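**Student:** One structure coming up, written as structure tokens, with questions to follow.
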Amino acid sequence: MSKCFCGRPTGADWKYSRNKFHTNVCSRYCQLTAEKNLAFKVNRTFTVECYACSNTFALKSQYNHSNQRFCCQECSRNVLKVKGGRKHYVILTAFYEARTGLTAEDIFTLSLRNTFNIKGPRGAASAIRKWVIRGVLKPEDVGKGMAKSYVWNSDLKPGEVILRYGQ
Ligand SMILES: [Zn+2]
Ligand SMILES: [Zn+2]
């Protein structure tokens, strides 16, 4: 079992893990810490924006707070109650937080850790296409013969995008 630099385990059991996105660190909190080249400090907080509105909140290191992406229950509920909301939330958050392009295969792998089903990499590709058409994701330039990958291409955040476009 691998460990995050903060000492917590990573990816041990995706089904029960609050972190569904990051494989090298245990949480969104630790990803931000690493990106800023900081050492883990339990009392440090990061001011981040809600994924669904313009409110900010303090992202904390404690495990049950460290993957927070919404300012309140209501914002979270509003996004997840959109038809297919959870699926789109997971897919879009993965792209939004990824620092490299993601492929349909990556998204299919991600779907296996989560509580929604996608029909193989093909199903993932069609979910991605929906957001490419809307300009939220865009294809990256990749070498010939390499799998197509996509990156985030919107000024909006994942929850805002879902609220704007519905399903
Ligand atoms: Zn960690
Ligand atoms: Zn909010």
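Going by the structure tokens order, chains are called A, B, ..., each with residues numbered from 1, while ligands are numbered from 1 in the order shown.
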Check which residues of chain A sit at most 12 Å from ligand 1 using only C-alpha atoms and all ligand atoms, and return one row each with the closest pair of atoms and their distance in Å to one decimal, ordered by chain and rising number, as JSON lines.
**Tutor:**
```
{"residue": "A:Ser2", "atom": "CA", "partner": "ligand 1", "partner_atom_place_in_ligand_line": "1 (Zn)", "distance": 11.0}
{"residue": "A:Lys3", "atom": "CA", "partner": "ligand 1", "partner_atom_place_in_ligand_line": "1 (Zn)", "distance": 7.8}
{"residue": "A:Cys4", "atom": "CA", "partner": "ligand 1", "partner_atom_place_in_ligand_line": "1 (Zn)", "distance": 4.6}
{"residue": "A:Phe5", "atom": "CA", "partner": "ligand 1", "partner_atom_place_in_ligand_line": "1 (Zn)", "distance": 5.7}
{"residue": "A:Cys6", "atom": "CA", "partner": "ligand 1", "partner_atom_place_in_ligand_line": "1 (Zn)", "distance": 4.3}
{"residue": "A:Gly7", "atom": "CA", "partner": "ligand 1", "partner_atom_place_in_ligand_line": "1 (Zn)", "distance": 6.3}
{"residue": "A:Arg8", "atom": "CA", "partner": "ligand 1", "partner_atom_place_in_ligand_line": "1 (Zn)", "distance": 5.5}
{"residue": "A:Pro9", "atom": "CA", "partner": "ligand 1", "partner_atom_place_in_ligand_line": "1 (Zn)", "distance": 7.6}
{"residue": "A:Thr10", "atom": "CA", "partner": "ligand 1", "partner_atom_place_in_ligand_line": "1 (Zn)", "distance": 7.7}
{"residue": "A:Gly11", "atom": "CA", "partner": "ligand 1", "partner_atom_place_in_ligand_line": "1 (Zn)", "distance": 11.0}
{"residue": "A:Arg18", "atom": "CA", "partner": "ligand 1", "partner_atom_place_in_ligand_line": "1 (Zn)", "distance": 11.9}
{"residue": "A:Asn19", "atom": "CA", "partner": "ligand 1", "partner_atom_place_in_ligand_line": "1 (Zn)", "distance": 10.0}
{"residue": "A:His22", "atom": "CA", "partner": "ligand 1", "partner_atom_place_in_ligand_line": "1 (Zn)", "distance": 10.0}
{"residue": "A:Thr23", "atom": "CA", "partner": "ligand 1", "partner_atom_place_in_ligand_line": "1 (Zn)", "distance": 10.5}
{"residue": "A:Asn24", "atom": "CA", "partner": "ligand 1", "partner_atom_place_in_ligand_line": "1 (Zn)", "distance": 8.7}
{"residue": "A:Val25", "atom": "CA", "partner": "ligand 1", "partner_atom_place_in_ligand_line": "1 (Zn)", "distance": 5.2}
{"residue": "A:Cys26", "atom": "CA", "partner": "ligand 1", "partner_atom_place_in_ligand_line": "1 (Zn)", "distance": 4.2}
{"residue": "A:Ser27", "atom": "CA", "partner": "ligand 1", "partner_atom_place_in_ligand_line": "1 (Zn)", "distance": 5.6}
{"residue": "A:Arg28", "atom": "CA", "partner": "ligand 1", "partner_atom_place_in_ligand_line": "1 (Zn)", "distance": 8.3}
{"residue": "A:Tyr29", "atom": "CA", "partner": "ligand 1", "partner_atom_place_in_ligand_line": "1 (Zn)", "distance": 7.1}
{"residue": "A:Cys30", "atom": "CA", "partner": "ligand 1", "partner_atom_place_in_ligand_line": "1 (Zn)", "distance": 4.6}
{"residue": "A:Gln31", "atom": "CA", "partner": "ligand 1", "partner_atom_place_in_ligand_line": "1 (Zn)", "distance": 7.6}
{"residue": "A:Leu32", "atom": "CA", "partner": "ligand 1", "partner_atom_place_in_ligand_line": "1 (Zn)", "distance": 9.9}
{"residue": "A:Thr33", "atom": "CA", "partner": "ligand 1", "partner_atom_place_in_ligand_line": "1 (Zn)", "distance": 8.8}
{"residue": "A:Ala34", "atom": "CA", "partner": "ligand 1", "partner_atom_place_in_ligand_line": "1 (Zn)", "distance": 9.3}
{"residue": "A:Ala39", "atom": "CA", "partner": "ligand 1", "partner_atom_place_in_ligand_line": "1 (Zn)", "distance": 10.6}
{"residue": "A:Phe40", "atom": "CA", "partner": "ligand 1", "partner_atom_place_in_ligand_line": "1 (Zn)", "distance": 7.9}
{"residue": "A:Lys41", "atom": "CA", "partner": "ligand 1", "partner_atom_place_in_ligand_line": "1 (Zn)", "distance": 10.3}
{"residue": "A:Val42", "atom": "CA", "partner": "ligand 1", "partner_atom_place_in_ligand_line": "1 (Zn)", "distance": 10.1}
{"residue": "A:Lys60", "atom": "CA", "partner": "ligand 1", "partner_atom_place_in_ligand_line": "1 (Zn)", "distance": 11.3}
{"residue": "A:Ser61", "atom": "CA", "partner": "ligand 1", "partner_atom_place_in_ligand_line": "1 (Zn)", "distance": 8.0}
{"residue": "A:Gln62", "atom": "CA", "partner": "ligand 1", "partner_atom_place_in_ligand_line": "1 (Zn)", "distance": 9.5}
{"residue": "A:Tyr63", "atom": "CA", "partner": "ligand 1", "partner_atom_place_in_ligand_line": "1 (Zn)", "distance": 8.5}
{"residue": "A:Asn64", "atom": "CA", "partner": "ligand 1", "partner_atom_place_in_ligand_line": "1 (Zn)", "distance": 11.9}
{"residue": "A:His65", "atom": "CA", "partner": "ligand 1", "partner_atom_place_in_ligand_line": "1 (Zn)", "distance": 11.9}
{"residue": "A:Ser66", "atom": "CA", "partner": "ligand 1", "partner_atom_place_in_ligand_line": "1 (Zn)", "distance": 8.6}
{"residue": "A:Asn67", "atom": "CA", "partner": "ligand 1", "partner_atom_place_in_ligand_line": "1 (Zn)", "distance": 10.4}
```
**Student:** Phe57 (chain A): which residues within 7 Å, counting only C-alpha atoms, same-chain residues fewer than 6 positions away excluded, as a list in words?
**Tutor:** Thr47, Val48, Glu49 and Cys71 of chain A
**Student:** Generate a file of the selected residues that holds N, CA and C atoms, formatted as a JSON list (two decimals), in the first residue's frame.
**Tutor:**
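Below is the file that was written, selection_32.json:
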```json
[["chain", "number", "residue", "atom", "x", "y", "z"],
["A", 47, "THR", "N", -7.40, 28.86, 0.77],
["A", 47, "THR", "CA", -8.67, 29.47, 0.38],
["A", 47, "THR", "C", -8.96, 29.10, -1.06],
["A", 48, "VAL", "N", -10.06, 28.41, -1.27],
["A", 48, "VAL", "CA", -10.40, 27.94, -2.62],
["A", 48, "VAL", "C", -11.84, 28.34, -2.95],
["A", 49, "GLU", "N", -12.14, 28.39, -4.23],
["A", 49, "GLU", "CA", -13.50, 28.72, -4.66],
["A", 49, "GLU", "C", -14.35, 27.48, -4.78],
["A", 71, "CYS", "N", -18.89, 24.87, -1.40],
["A", 71, "CYS", "CA", -18.91, 25.70, -0.20],
["A", 71, "CYS", "C", -19.94, 25.19, 0.80]]
```
**Student:** Using only C-alpha atoms and all ligand atoms, which residues of chain A come within 12 Å of ligand 2, and what is the closest atom pair for each, with the distance in Å to one decimal? Give it as a tab-separated table, sorted by chain and residue number.
**Tutor:**
```
residue	atom	partner	partner_atom_place_in_ligand_line	distance
A:Val48	CA	ligand 2	1 (Zn)	10.7
A:Glu49	CA	ligand 2	1 (Zn)	7.8
A:Cys50	CA	ligand 2	1 (Zn)	4.7
A:Tyr51	CA	ligand 2	1 (Zn)	6.6
A:Ala52	CA	ligand 2	1 (Zn)	5.0
A:Cys53	CA	ligand 2	1 (Zn)	4.2
A:Ser54	CA	ligand 2	1 (Zn)	6.4
A:Asn55	CA	ligand 2	1 (Zn)	5.4
A:Thr56	CA	ligand 2	1 (Zn)	7.6
A:Phe57	CA	ligand 2	1 (Zn)	8.8
A:Gln68	CA	ligand 2	1 (Zn)	11.0
A:Arg69	CA	ligand 2	1 (Zn)	8.6
A:Phe70	CA	ligand 2	1 (Zn)	5.2
A:Cys71	CA	ligand 2	1 (Zn)	4.2
A:Cys72	CA	ligand 2	1 (Zn)	5.7
A:Gln73	CA	ligand 2	1 (Zn)	8.3
A:Glu74	CA	ligand 2	1 (Zn)	7.4
A:Cys75	CA	ligand 2	1 (Zn)	4.7
A:Ser76	CA	ligand 2	1 (Zn)	7.5
A:Arg77	CA	ligand 2	1 (Zn)	10.1
A:Asn78	CA	ligand 2	1 (Zn)	9.5
A:Val79	CA	ligand 2	1 (Zn)	10.0
A:Lys157	CA	ligand 2	1 (Zn)	11.0
A:Pro158	CA	ligand 2	1 (Zn)	11.7
A:Gly159	CA	ligand 2	1 (Zn)	8.9
A:Glu160	CA	ligand 2	1 (Zn)	9.5
A:Leu163	CA	ligand 2	1 (Zn)	11.7
```
**Student:** Determine which residues of chain A DSSP labels as alpha helix (DSSP H) from the backbone of this structure, then write them out as a ChimeraX atom specification.
**Tutor:** /A:28-35,73-80,85-97,104-112,120-133,158-165
**Student:** With distances taken over only C-alpha atoms, which of A:Val90, A:Glu35, A:Lys83, A:Gly143 is nearest to Lys20 (chain A)?
**Tutor:**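 Of A:Val90, A:Glu35, A:Lys83, A:Gly143, the one nearest Lys20 (chain A), counting only C-alpha atoms, is A:Val90.
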**Student:** Between CA of Thr45 (chain A) and CA of Ser111 (chain A), what is the distance in Å, rounded to a tenth?
**Tutor:**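 A separation of 29.3 Å between them.
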**Student:** Of the residues A:Val142, A:Ala104, A:Ala147, A:Leu112, which is the one nearest to Arg129 (chain A), using only C-alpha atoms?
**Tutor:**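 Closest residue, counting only C-alpha atoms: A:Ala104.
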**Student:** When you count only C-alpha atoms, which of these residues is closest to Glu97 (chain A): A:Leu80, A:Val151, A:Val161, A:Ala127?
**Tutor:** A:Val151
